[in-house]
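Undergrad: Just start.csv, nothing more (CSV, N, CA and C atoms):
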```
chain,number,residue,atom,x,y,z
V,421,MET,N,-17.5,13.9,3.6
V,421,MET,CA,-17.7,12.6,3.1
V,421,MET,C,-16.5,11.7,3.6
V,422,LYS,N,-15.3,12.3,3.5
V,422,LYS,CA,-14.1,11.6,3.9
V,422,LYS,C,-14.1,11.2,5.4
V,423,ILE,N,-14.7,12.1,6.2
V,423,ILE,CA,-14.8,11.9,7.7
V,423,ILE,C,-15.7,10.7,7.9
V,424,ILE,N,-16.8,10.6,7.2
V,424,ILE,CA,-17.8,9.5,7.3
V,424,ILE,C,-17.1,8.2,7.0
V,425,LYS,N,-16.3,8.2,5.9
V,425,LYS,CA,-15.6,6.9,5.6
V,425,LYS,C,-14.6,6.5,6.7
V,426,ILE,N,-13.9,7.5,7.2
V,426,ILE,CA,-12.9,7.2,8.3
V,426,ILE,C,-13.6,6.6,9.5
V,427,VAL,N,-14.7,7.3,9.9
V,427,VAL,CA,-15.5,6.8,11.1
V,427,VAL,C,-16.0,5.4,10.8
V,428,LEU,N,-16.6,5.2,9.6
V,428,LEU,CA,-17.1,3.9,9.3
V,428,LEU,C,-16.0,2.8,9.3
V,429,LEU,N,-14.8,3.1,8.8
V,429,LEU,CA,-13.7,2.2,8.9
V,429,LEU,C,-13.3,1.9,10.3
V,430,ILE,N,-13.3,2.9,11.2
V,430,ILE,CA,-12.9,2.7,12.6
V,430,ILE,C,-14.0,1.8,13.3
V,431,VAL,N,-15.2,2.1,13.0
V,431,VAL,CA,-16.3,1.3,13.6
V,431,VAL,C,-16.2,-0.2,13.1
V,432,LEU,N,-16.0,-0.4,11.8
V,432,LEU,CA,-15.8,-1.8,11.4
V,432,LEU,C,-14.6,-2.5,12.0
V,433,PHE,N,-13.6,-1.8,12.2
V,433,PHE,CA,-12.4,-2.3,12.8
V,433,PHE,C,-12.7,-2.7,14.2
V,434,LEU,N,-13.4,-1.9,15.0
V,434,LEU,CA,-13.7,-2.2,16.4
V,434,LEU,C,-14.7,-3.4,16.5
V,435,VAL,N,-15.6,-3.4,15.6
V,435,VAL,CA,-16.6,-4.6,15.6
V,435,VAL,C,-15.8,-5.9,15.3
V,436,THR,N,-14.9,-5.8,14.3
V,436,THR,CA,-14.1,-7.0,14.0
V,436,THR,C,-13.2,-7.4,15.2
V,437,LEU,N,-12.6,-6.4,15.8
V,437,LEU,CA,-11.8,-6.7,17.0
V,437,LEU,C,-12.6,-7.3,18.1
V,438,ALA,N,-13.8,-6.8,18.3
V,438,ALA,CA,-14.7,-7.4,19.4
V,438,ALA,C,-15.1,-8.8,19.1
V,439,LEU,N,-15.4,-9.1,17.8
V,439,LEU,CA,-15.8,-10.4,17.4
V,439,LEU,C,-14.6,-11.4,17.5
V,440,GLY,N,-13.5,-10.9,17.0
V,440,GLY,CA,-12.3,-11.7,17.0
V,440,GLY,C,-11.8,-12.1,18.4
V,441,SER,N,-12.0,-11.2,19.4
V,441,SER,CA,-11.6,-11.5,20.7
V,441,SER,C,-12.5,-12.5,21.4
V,442,GLN,N,-13.6,-12.8,20.9
V,442,GLN,CA,-14.5,-13.8,21.4
V,442,GLN,C,-14.1,-15.2,21.0
V,443,ASN,N,-13.3,-15.3,19.9
V,443,ASN,CA,-12.8,-16.6,19.4
V,443,ASN,C,-11.5,-16.9,20.0
V,444,GLN,N,-11.4,-17.6,21.1
V,444,GLN,CA,-10.2,-17.9,21.8
V,444,GLN,C,-9.8,-19.4,21.7
V,445,GLU,N,-10.3,-20.1,20.6
V,445,GLU,CA,-9.9,-21.5,20.4
V,445,GLU,C,-8.5,-21.6,20.1
V,446,VAL,N,-7.8,-22.6,20.6
V,446,VAL,CA,-6.3,-22.8,20.4
V,446,VAL,C,-6.2,-23.8,19.2
V,447,VAL,N,-5.4,-23.4,18.2
V,447,VAL,CA,-5.2,-24.2,17.0
V,447,VAL,C,-3.7,-24.4,16.8
V,448,THR,N,-3.4,-25.5,16.2
V,448,THR,CA,-2.0,-25.9,15.9
V,448,THR,C,-1.7,-25.4,14.5
V,449,PHE,N,-0.7,-24.5,14.3
V,449,PHE,CA,-0.3,-23.9,13.1
V,449,PHE,C,1.0,-24.5,12.6
V,450,ASN,N,1.0,-25.2,11.5
V,450,ASN,CA,2.3,-25.7,11.0
V,450,ASN,C,2.9,-24.7,10.0
V,451,TYR,N,4.0,-24.2,10.3
V,451,TYR,CA,4.7,-23.3,9.3
V,451,TYR,C,5.9,-24.0,8.9
V,452,LEU,N,6.7,-23.3,8.1
V,452,LEU,CA,7.8,-23.9,7.3
V,452,LEU,C,8.7,-24.7,8.1
V,453,LEU,N,9.2,-24.2,9.2
V,453,LEU,CA,10.3,-24.9,10.0
V,453,LEU,C,9.7,-25.6,11.2
V,454,ALA,N,8.6,-25.2,11.7
V,454,ALA,CA,8.1,-25.9,13.0
V,454,ALA,C,6.6,-25.7,13.0
V,455,GLN,N,6.0,-26.0,14.2
V,455,GLN,CA,4.6,-25.8,14.4
V,455,GLN,C,4.4,-25.1,15.8
V,456,GLY,N,3.3,-24.5,15.9
V,456,GLY,CA,3.0,-23.9,17.2
V,456,GLY,C,1.5,-23.8,17.5
V,457,ASP,N,1.2,-23.7,18.8
V,457,ASP,CA,-0.2,-23.6,19.2
V,457,ASP,C,-0.5,-22.1,19.5
V,458,PHE,N,-1.5,-21.6,18.8
V,458,PHE,CA,-1.9,-20.2,18.8
V,458,PHE,C,-3.4,-20.0,19.0
V,459,HIS,N,-3.8,-18.9,19.6
V,459,HIS,CA,-5.2,-18.6,19.7
V,459,HIS,C,-5.6,-18.2,18.3
V,460,LEU,N,-6.8,-18.7,17.8
V,460,LEU,CA,-7.2,-18.4,16.5
V,460,LEU,C,-7.3,-16.9,16.1
V,461,SER,N,-7.8,-16.1,17.1
V,461,SER,CA,-7.9,-14.7,16.8
V,461,SER,C,-6.5,-14.1,16.7
V,462,THR,N,-5.5,-14.5,17.4
V,462,THR,CA,-4.2,-13.9,17.3
V,462,THR,C,-3.6,-14.3,16.0
V,463,LEU,N,-3.8,-15.6,15.6
V,463,LEU,CA,-3.2,-16.1,14.3
V,463,LEU,C,-3.8,-15.3,13.1
V,464,LEU,N,-5.2,-15.2,13.1
V,464,LEU,CA,-5.8,-14.5,12.0
V,464,LEU,C,-5.4,-13.0,12.0
V,465,GLY,N,-5.3,-12.4,13.1
V,465,GLY,CA,-4.9,-11.0,13.2
V,465,GLY,C,-3.5,-10.8,12.7
V,466,SER,N,-2.6,-11.6,13.1
V,466,SER,CA,-1.2,-11.5,12.6
V,466,SER,C,-1.0,-11.8,11.1
V,467,VAL,N,-1.8,-12.7,10.6
V,467,VAL,CA,-1.7,-13.0,9.2
V,467,VAL,C,-2.3,-11.8,8.4
V,468,PHE,N,-3.3,-11.2,8.9
V,468,PHE,CA,-3.9,-10.1,8.3
V,468,PHE,C,-2.9,-8.9,8.3
V,469,VAL,N,-2.2,-8.6,9.4
V,469,VAL,CA,-1.3,-7.5,9.4
V,469,VAL,C,-0.1,-7.8,8.5
V,470,VAL,N,0.4,-9.0,8.5
V,470,VAL,CA,1.5,-9.4,7.6
V,470,VAL,C,1.1,-9.2,6.1
V,471,GLY,N,-0.1,-9.6,5.8
V,471,GLY,CA,-0.6,-9.4,4.4
V,471,GLY,C,-0.7,-7.9,4.0
V,472,PHE,N,-1.2,-7.2,5.0
V,472,PHE,CA,-1.4,-5.7,4.8
V,472,PHE,C,0.0,-5.1,4.6
V,473,VAL,N,1.0,-5.4,5.4
V,473,VAL,CA,2.3,-4.8,5.2
V,473,VAL,C,2.9,-5.2,3.9
V,474,ILE,N,2.8,-6.5,3.5
V,474,ILE,CA,3.4,-6.9,2.3
V,474,ILE,C,2.7,-6.2,1.1
V,475,SER,N,1.4,-6.0,1.1
V,475,SER,CA,0.7,-5.3,0.0
V,475,SER,C,1.1,-3.9,0.0
V,476,TRP,N,1.3,-3.2,1.1
V,476,TRP,CA,1.8,-1.8,1.1
V,476,TRP,C,3.2,-1.7,0.6
V,477,VAL,N,4.1,-2.7,0.9
V,477,VAL,CA,5.4,-2.6,0.4
V,477,VAL,C,5.4,-2.8,-1.2
V,478,ILE,N,4.6,-3.7,-1.7
V,478,ILE,CA,4.5,-3.9,-3.1
V,478,ILE,C,3.9,-2.6,-3.7
V,479,PHE,N,2.8,-2.1,-3.2
V,479,PHE,CA,2.2,-0.9,-3.7
V,479,PHE,C,3.2,0.3,-3.7
V,480,GLY,N,3.8,0.4,-2.5
V,480,GLY,CA,4.8,1.5,-2.4
V,480,GLY,C,5.9,1.5,-3.4
V,481,SER,N,6.4,0.3,-3.7
V,481,SER,CA,7.5,0.2,-4.6
V,481,SER,C,7.0,0.5,-6.0
V,482,LEU,N,5.8,0.1,-6.4
V,482,LEU,CA,5.3,0.4,-7.7
V,482,LEU,C,5.0,1.9,-7.8
V,483,HIS,N,4.5,2.5,-6.8
V,483,HIS,CA,4.2,3.9,-6.8
V,483,HIS,C,5.5,4.7,-6.9
V,484,LEU,N,6.5,4.3,-6.2
V,484,LEU,CA,7.8,5.0,-6.2
V,484,LEU,C,8.4,4.9,-7.6
V,485,LYS,N,8.3,3.7,-8.2
V,485,LYS,CA,8.8,3.5,-9.6
V,485,LYS,C,8.1,4.4,-10.6
V,486,SER,N,6.8,4.5,-10.4
V,486,SER,CA,6.0,5.4,-11.4
V,486,SER,C,6.3,6.9,-11.1
V,487,GLN,N,6.5,7.3,-9.9
V,487,GLN,CA,6.9,8.7,-9.6
V,487,GLN,C,8.3,9.0,-10.1
V,488,LEU,N,9.2,8.1,-10.1
V,488,LEU,CA,10.5,8.3,-10.6
V,488,LEU,C,10.5,8.4,-12.1
V,489,THR,N,9.6,7.6,-12.8
V,489,THR,CA,9.5,7.7,-14.2
V,489,THR,C,8.8,9.0,-14.6
V,490,VAL,N,7.8,9.5,-13.9
V,490,VAL,CA,7.2,10.8,-14.2
V,490,VAL,C,8.2,11.9,-14.0
V,491,ARG,N,9.0,11.9,-12.9
V,491,ARG,CA,10.0,12.9,-12.7
V,491,ARG,C,11.1,12.9,-13.9
V,492,LYS,N,11.5,11.8,-14.3
V,492,LYS,CA,12.4,11.7,-15.4
V,492,LYS,C,11.9,12.2,-16.7
V,493,LEU,N,10.6,11.9,-17.0
V,493,LEU,CA,10.0,12.4,-18.2
V,493,LEU,C,9.7,13.9,-18.1
V,494,LYS,N,9.4,14.4,-17.0
V,494,LYS,CA,9.2,15.9,-16.8
V,494,LYS,C,10.6,16.6,-17.1
V,495,LYS,N,11.7,16.0,-16.6
V,495,LYS,CA,13.0,16.6,-16.9
V,495,LYS,C,13.3,16.6,-18.4
V,496,GLN,N,13.0,15.5,-19.0
V,496,GLN,CA,13.2,15.4,-20.5
V,496,GLN,C,12.4,16.5,-21.2
V,497,LEU,N,11.1,16.6,-20.8
V,497,LEU,CA,10.2,17.6,-21.4
V,497,LEU,C,10.7,19.0,-21.2
V,498,ALA,N,11.2,19.3,-20.0
V,498,ALA,CA,11.7,20.6,-19.7
V,498,ALA,C,13.0,21.0,-20.5
V,499,LYS,N,13.8,20.0,-20.8
V,499,LYS,CA,15.0,20.2,-21.6
V,499,LYS,C,14.6,20.4,-23.1
V,500,GLN,N,13.5,19.8,-23.6
V,500,GLN,CA,13.1,19.9,-25.0
V,500,GLN,C,12.4,21.2,-25.2
V,501,LYS,N,11.6,21.7,-24.3
V,501,LYS,CA,10.8,22.9,-24.5
V,501,LYS,C,11.6,24.1,-24.9
V,502,PRO,N,12.7,24.5,-24.3
V,502,PRO,CA,13.5,25.7,-24.7
V,502,PRO,C,14.0,25.5,-26.1
V,503,SER,N,14.5,24.4,-26.5
V,503,SER,CA,15.0,24.2,-27.8
V,503,SER,C,13.9,24.2,-28.9
V,504,GLU,N,12.7,23.8,-28.6
V,504,GLU,CA,11.6,23.9,-29.5
V,504,GLU,C,11.2,25.3,-29.7
V,505,SER,N,11.2,26.1,-28.7
V,505,SER,CA,10.8,27.5,-28.8
V,505,SER,C,11.9,28.3,-29.7
V,506,LYS,N,13.2,27.9,-29.6
V,506,LYS,CA,14.2,28.6,-30.4
V,506,LYS,C,14.0,28.2,-31.9
V,507,GLU,N,13.6,26.9,-32.1
V,507,GLU,CA,13.4,26.5,-33.5
V,507,GLU,C,12.2,27.2,-34.1
V,508,VAL,N,11.2,27.4,-33.4
V,508,VAL,CA,10.0,28.1,-33.9
V,508,VAL,C,10.3,29.5,-34.2
V,509,VAL,N,11.1,30.2,-33.4
V,509,VAL,CA,11.5,31.6,-33.6
V,509,VAL,C,12.4,31.7,-34.9
V,510,SER,N,13.3,30.8,-35.0
V,510,SER,CA,14.2,30.8,-36.2
V,510,SER,C,13.4,30.4,-37.5
V,511,ALA,N,12.4,29.6,-37.4
V,511,ALA,CA,11.6,29.2,-38.6
V,511,ALA,C,10.7,30.4,-39.0
V,512,ASN,N,10.3,31.2,-38.1
V,512,ASN,CA,9.4,32.4,-38.5
V,512,ASN,C,10.2,33.5,-39.1
V,513,SER,N,11.5,33.5,-38.9
V,513,SER,CA,12.4,34.7,-39.3
V,513,SER,C,12.6,34.6,-40.8
```
Represent the structure from my file as structure tokens, please.
TA:
Amino acid sequence: MKIIKIVLLIVLFLVTLALGSQNQEVVTFNYLLAQGDFHLSTLLGSVFVVGFVISWVIFGSLHLKSQLTVRKLKKQLAKQKPSESKEVVSANS
């Protein structure tokens, strides 16, 4: 099933690439400091890639933060388990 998803994603990417290459209209893009004339397909592609990279950076930082929290909590749990087992043994005596 995973292979089918990957193949479908590749096919959709290639179809999008083929349709985008047909759109070669030149547009004027005003950005913060200046403006430039770009092909619409190039502009859309670059904005998509920049958005993709920004979203992965945000997701990666959140994922890293959660993994560090999990590691810290596991260490705390490992420290508490030996002391709890000693308390149970001494309580049964």
Undergrad: Extract the full set of strand (DSSP E or B) residues from chain V according to DSSP on the backbone, and format it as a short mmCIF file (atom, residue, chain, number, x, y, z; two decimals) with N, CA and C atoms, in the frame of the given file.
TA:
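Now in result.cif:
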```cif
data_model
loop_
_atom_site.label_atom_id
_atom_site.label_comp_id
_atom_site.auth_asym_id
_atom_site.auth_seq_id
_atom_site.Cartn_x
_atom_site.Cartn_y
_atom_site.Cartn_z
N VAL V 446 -7.80 -22.60 20.60
CA VAL V 446 -6.30 -22.80 20.40
C VAL V 446 -6.20 -23.80 19.20
N VAL V 447 -5.40 -23.40 18.20
CA VAL V 447 -5.20 -24.20 17.00
C VAL V 447 -3.70 -24.40 16.80
N THR V 448 -3.40 -25.50 16.20
CA THR V 448 -2.00 -25.90 15.90
C THR V 448 -1.70 -25.40 14.50
N PHE V 449 -0.70 -24.50 14.30
CA PHE V 449 -0.30 -23.90 13.10
C PHE V 449 1.00 -24.50 12.60
N ASN V 450 1.00 -25.20 11.50
CA ASN V 450 2.30 -25.70 11.00
C ASN V 450 2.90 -24.70 10.00
N GLN V 455 6.00 -26.00 14.20
CA GLN V 455 4.60 -25.80 14.40
C GLN V 455 4.40 -25.10 15.80
N GLY V 456 3.30 -24.50 15.90
CA GLY V 456 3.00 -23.90 17.20
C GLY V 456 1.50 -23.80 17.50
N ASP V 457 1.20 -23.70 18.80
CA ASP V 457 -0.20 -23.60 19.20
C ASP V 457 -0.50 -22.10 19.50
N PHE V 458 -1.50 -21.60 18.80
CA PHE V 458 -1.90 -20.20 18.80
C PHE V 458 -3.40 -20.00 19.00
N HIS V 459 -3.80 -18.90 19.60
CA HIS V 459 -5.20 -18.60 19.70
C HIS V 459 -5.60 -18.20 18.30
#
```
Undergrad: How many Å lie between atom CA of V:Val427 and atom CA of V:Leu439, rounded to one decimal?
TA: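 Spanning atom CA of V:Val427 to atom CA of V:Leu439 is a straight-line distance of 18.3 Å.
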Undergrad: Between atom CA of V:Asn443 and atom CA of V:Asp457, measure the distance and give it in Å to one decimal.
TA: 14.4 Å
Undergrad: Run DSSP on the backbone and tell me which residues of chain V come out as helix (DSSP H, G or I); list them as a tab-separated table (two decimals) with N, CA and C atoms, in the frame of the given file.
TA:
```
chain	number	residue	atom	x	y	z
V	422	LYS	N	-15.30	12.30	3.50
V	422	LYS	CA	-14.10	11.60	3.90
V	422	LYS	C	-14.10	11.20	5.40
V	423	ILE	N	-14.70	12.10	6.20
V	423	ILE	CA	-14.80	11.90	7.70
V	423	ILE	C	-15.70	10.70	7.90
V	424	ILE	N	-16.80	10.60	7.20
V	424	ILE	CA	-17.80	9.50	7.30
V	424	ILE	C	-17.10	8.20	7.00
V	425	LYS	N	-16.30	8.20	5.90
V	425	LYS	CA	-15.60	6.90	5.60
V	425	LYS	C	-14.60	6.50	6.70
V	426	ILE	N	-13.90	7.50	7.20
V	426	ILE	CA	-12.90	7.20	8.30
V	426	ILE	C	-13.60	6.60	9.50
V	427	VAL	N	-14.70	7.30	9.90
V	427	VAL	CA	-15.50	6.80	11.10
V	427	VAL	C	-16.00	5.40	10.80
V	428	LEU	N	-16.60	5.20	9.60
V	428	LEU	CA	-17.10	3.90	9.30
V	428	LEU	C	-16.00	2.80	9.30
V	429	LEU	N	-14.80	3.10	8.80
V	429	LEU	CA	-13.70	2.20	8.90
V	429	LEU	C	-13.30	1.90	10.30
V	430	ILE	N	-13.30	2.90	11.20
V	430	ILE	CA	-12.90	2.70	12.60
V	430	ILE	C	-14.00	1.80	13.30
V	431	VAL	N	-15.20	2.10	13.00
V	431	VAL	CA	-16.30	1.30	13.60
V	431	VAL	C	-16.20	-0.20	13.10
V	432	LEU	N	-16.00	-0.40	11.80
V	432	LEU	CA	-15.80	-1.80	11.40
V	432	LEU	C	-14.60	-2.50	12.00
V	433	PHE	N	-13.60	-1.80	12.20
V	433	PHE	CA	-12.40	-2.30	12.80
V	433	PHE	C	-12.70	-2.70	14.20
V	434	LEU	N	-13.40	-1.90	15.00
V	434	LEU	CA	-13.70	-2.20	16.40
V	434	LEU	C	-14.70	-3.40	16.50
V	435	VAL	N	-15.60	-3.40	15.60
V	435	VAL	CA	-16.60	-4.60	15.60
V	435	VAL	C	-15.80	-5.90	15.30
V	436	THR	N	-14.90	-5.80	14.30
V	436	THR	CA	-14.10	-7.00	14.00
V	436	THR	C	-13.20	-7.40	15.20
V	437	LEU	N	-12.60	-6.40	15.80
V	437	LEU	CA	-11.80	-6.70	17.00
V	437	LEU	C	-12.60	-7.30	18.10
V	438	ALA	N	-13.80	-6.80	18.30
V	438	ALA	CA	-14.70	-7.40	19.40
V	438	ALA	C	-15.10	-8.80	19.10
V	439	LEU	N	-15.40	-9.10	17.80
V	439	LEU	CA	-15.80	-10.40	17.40
V	439	LEU	C	-14.60	-11.40	17.50
V	440	GLY	N	-13.50	-10.90	17.00
V	440	GLY	CA	-12.30	-11.70	17.00
V	440	GLY	C	-11.80	-12.10	18.40
V	441	SER	N	-12.00	-11.20	19.40
V	441	SER	CA	-11.60	-11.50	20.70
V	441	SER	C	-12.50	-12.50	21.40
V	460	LEU	N	-6.80	-18.70	17.80
V	460	LEU	CA	-7.20	-18.40	16.50
V	460	LEU	C	-7.30	-16.90	16.10
V	461	SER	N	-7.80	-16.10	17.10
V	461	SER	CA	-7.90	-14.70	16.80
V	461	SER	C	-6.50	-14.10	16.70
V	462	THR	N	-5.50	-14.50	17.40
V	462	THR	CA	-4.20	-13.90	17.30
V	462	THR	C	-3.60	-14.30	16.00
V	463	LEU	N	-3.80	-15.60	15.60
V	463	LEU	CA	-3.20	-16.10	14.30
V	463	LEU	C	-3.80	-15.30	13.10
V	464	LEU	N	-5.20	-15.20	13.10
V	464	LEU	CA	-5.80	-14.50	12.00
V	464	LEU	C	-5.40	-13.00	12.00
V	465	GLY	N	-5.30	-12.40	13.10
V	465	GLY	CA	-4.90	-11.00	13.20
V	465	GLY	C	-3.50	-10.80	12.70
V	466	SER	N	-2.60	-11.60	13.10
V	466	SER	CA	-1.20	-11.50	12.60
V	466	SER	C	-1.00	-11.80	11.10
V	467	VAL	N	-1.80	-12.70	10.60
V	467	VAL	CA	-1.70	-13.00	9.20
V	467	VAL	C	-2.30	-11.80	8.40
V	468	PHE	N	-3.30	-11.20	8.90
V	468	PHE	CA	-3.90	-10.10	8.30
V	468	PHE	C	-2.90	-8.90	8.30
V	469	VAL	N	-2.20	-8.60	9.40
V	469	VAL	CA	-1.30	-7.50	9.40
V	469	VAL	C	-0.10	-7.80	8.50
V	470	VAL	N	0.40	-9.00	8.50
V	470	VAL	CA	1.50	-9.40	7.60
V	470	VAL	C	1.10	-9.20	6.10
V	471	GLY	N	-0.10	-9.60	5.80
V	471	GLY	CA	-0.60	-9.40	4.40
V	471	GLY	C	-0.70	-7.90	4.00
V	472	PHE	N	-1.20	-7.20	5.00
V	472	PHE	CA	-1.40	-5.70	4.80
V	472	PHE	C	0.00	-5.10	4.60
V	473	VAL	N	1.00	-5.40	5.40
V	473	VAL	CA	2.30	-4.80	5.20
V	473	VAL	C	2.90	-5.20	3.90
V	474	ILE	N	2.80	-6.50	3.50
V	474	ILE	CA	3.40	-6.90	2.30
V	474	ILE	C	2.70	-6.20	1.10
V	475	SER	N	1.40	-6.00	1.10
V	475	SER	CA	0.70	-5.30	0.00
V	475	SER	C	1.10	-3.90	0.00
V	476	TRP	N	1.30	-3.20	1.10
V	476	TRP	CA	1.80	-1.80	1.10
V	476	TRP	C	3.20	-1.70	0.60
V	477	VAL	N	4.10	-2.70	0.90
V	477	VAL	CA	5.40	-2.60	0.40
V	477	VAL	C	5.40	-2.80	-1.20
V	478	ILE	N	4.60	-3.70	-1.70
V	478	ILE	CA	4.50	-3.90	-3.10
V	478	ILE	C	3.90	-2.60	-3.70
V	479	PHE	N	2.80	-2.10	-3.20
V	479	PHE	CA	2.20	-0.90	-3.70
V	479	PHE	C	3.20	0.30	-3.70
V	480	GLY	N	3.80	0.40	-2.50
V	480	GLY	CA	4.80	1.50	-2.40
V	480	GLY	C	5.90	1.50	-3.40
V	481	SER	N	6.40	0.30	-3.70
V	481	SER	CA	7.50	0.20	-4.60
V	481	SER	C	7.00	0.50	-6.00
V	482	LEU	N	5.80	0.10	-6.40
V	482	LEU	CA	5.30	0.40	-7.70
V	482	LEU	C	5.00	1.90	-7.80
V	483	HIS	N	4.50	2.50	-6.80
V	483	HIS	CA	4.20	3.90	-6.80
V	483	HIS	C	5.50	4.70	-6.90
V	484	LEU	N	6.50	4.30	-6.20
V	484	LEU	CA	7.80	5.00	-6.20
V	484	LEU	C	8.40	4.90	-7.60
V	485	LYS	N	8.30	3.70	-8.20
V	485	LYS	CA	8.80	3.50	-9.60
V	485	LYS	C	8.10	4.40	-10.60
V	486	SER	N	6.80	4.50	-10.40
V	486	SER	CA	6.00	5.40	-11.40
V	486	SER	C	6.30	6.90	-11.10
V	487	GLN	N	6.50	7.30	-9.90
V	487	GLN	CA	6.90	8.70	-9.60
V	487	GLN	C	8.30	9.00	-10.10
V	488	LEU	N	9.20	8.10	-10.10
V	488	LEU	CA	10.50	8.30	-10.60
V	488	LEU	C	10.50	8.40	-12.10
V	489	THR	N	9.60	7.60	-12.80
V	489	THR	CA	9.50	7.70	-14.20
V	489	THR	C	8.80	9.00	-14.60
V	490	VAL	N	7.80	9.50	-13.90
V	490	VAL	CA	7.20	10.80	-14.20
V	490	VAL	C	8.20	11.90	-14.00
V	491	ARG	N	9.00	11.90	-12.90
V	491	ARG	CA	10.00	12.90	-12.70
V	491	ARG	C	11.10	12.90	-13.90
V	492	LYS	N	11.50	11.80	-14.30
V	492	LYS	CA	12.40	11.70	-15.40
V	492	LYS	C	11.90	12.20	-16.70
V	493	LEU	N	10.60	11.90	-17.00
V	493	LEU	CA	10.00	12.40	-18.20
V	493	LEU	C	9.70	13.90	-18.10
V	494	LYS	N	9.40	14.40	-17.00
V	494	LYS	CA	9.20	15.90	-16.80
V	494	LYS	C	10.60	16.60	-17.10
V	495	LYS	N	11.70	16.00	-16.60
V	495	LYS	CA	13.00	16.60	-16.90
V	495	LYS	C	13.30	16.60	-18.40
V	496	GLN	N	13.00	15.50	-19.00
V	496	GLN	CA	13.20	15.40	-20.50
V	496	GLN	C	12.40	16.50	-21.20
V	497	LEU	N	11.10	16.60	-20.80
V	497	LEU	CA	10.20	17.60	-21.40
V	497	LEU	C	10.70	19.00	-21.20
V	498	ALA	N	11.20	19.30	-20.00
V	498	ALA	CA	11.70	20.60	-19.70
V	498	ALA	C	13.00	21.00	-20.50
V	499	LYS	N	13.80	20.00	-20.80
V	499	LYS	CA	15.00	20.20	-21.60
V	499	LYS	C	14.60	20.40	-23.10
V	500	GLN	N	13.50	19.80	-23.60
V	500	GLN	CA	13.10	19.90	-25.00
V	500	GLN	C	12.40	21.20	-25.20
V	501	LYS	N	11.60	21.70	-24.30
V	501	LYS	CA	10.80	22.90	-24.50
V	501	LYS	C	11.60	24.10	-24.90
V	502	PRO	N	12.70	24.50	-24.30
V	502	PRO	CA	13.50	25.70	-24.70
V	502	PRO	C	14.00	25.50	-26.10
V	503	SER	N	14.50	24.40	-26.50
V	503	SER	CA	15.00	24.20	-27.80
V	503	SER	C	13.90	24.20	-28.90
V	504	GLU	N	12.70	23.80	-28.60
V	504	GLU	CA	11.60	23.90	-29.50
V	504	GLU	C	11.20	25.30	-29.70
V	505	SER	N	11.20	26.10	-28.70
V	505	SER	CA	10.80	27.50	-28.80
V	505	SER	C	11.90	28.30	-29.70
V	506	LYS	N	13.20	27.90	-29.60
V	506	LYS	CA	14.20	28.60	-30.40
V	506	LYS	C	14.00	28.20	-31.90
V	507	GLU	N	13.60	26.90	-32.10
V	507	GLU	CA	13.40	26.50	-33.50
V	507	GLU	C	12.20	27.20	-34.10
V	508	VAL	N	11.20	27.40	-33.40
V	508	VAL	CA	10.00	28.10	-33.90
V	508	VAL	C	10.30	29.50	-34.20
V	509	VAL	N	11.10	30.20	-33.40
V	509	VAL	CA	11.50	31.60	-33.60
V	509	VAL	C	12.40	31.70	-34.90
V	510	SER	N	13.30	30.80	-35.00
V	510	SER	CA	14.20	30.80	-36.20
V	510	SER	C	13.40	30.40	-37.50
V	511	ALA	N	12.40	29.60	-37.40
V	511	ALA	CA	11.60	29.20	-38.60
V	511	ALA	C	10.70	30.40	-39.00
V	512	ASN	N	10.30	31.20	-38.10
V	512	ASN	CA	9.40	32.40	-38.50
V	512	ASN	C	10.20	33.50	-39.10
```
Undergrad: Given the point (1.2, -22.2, 13.5) in the coordinates of this file, which residues lie within 12 Å, counting only C-alpha atoms, and how would they look as a PyMOL selection string?
TA: chain V and resi 446-460+462-464+466-467
Undergrad: Work out how far apart atom N of V:Ser461 and atom C of V:Thr436 are and give it in Å to one decimal.
TA: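 Straight-line distance from atom N of V:Ser461 to atom C of V:Thr436 works out to 10.4 Å.
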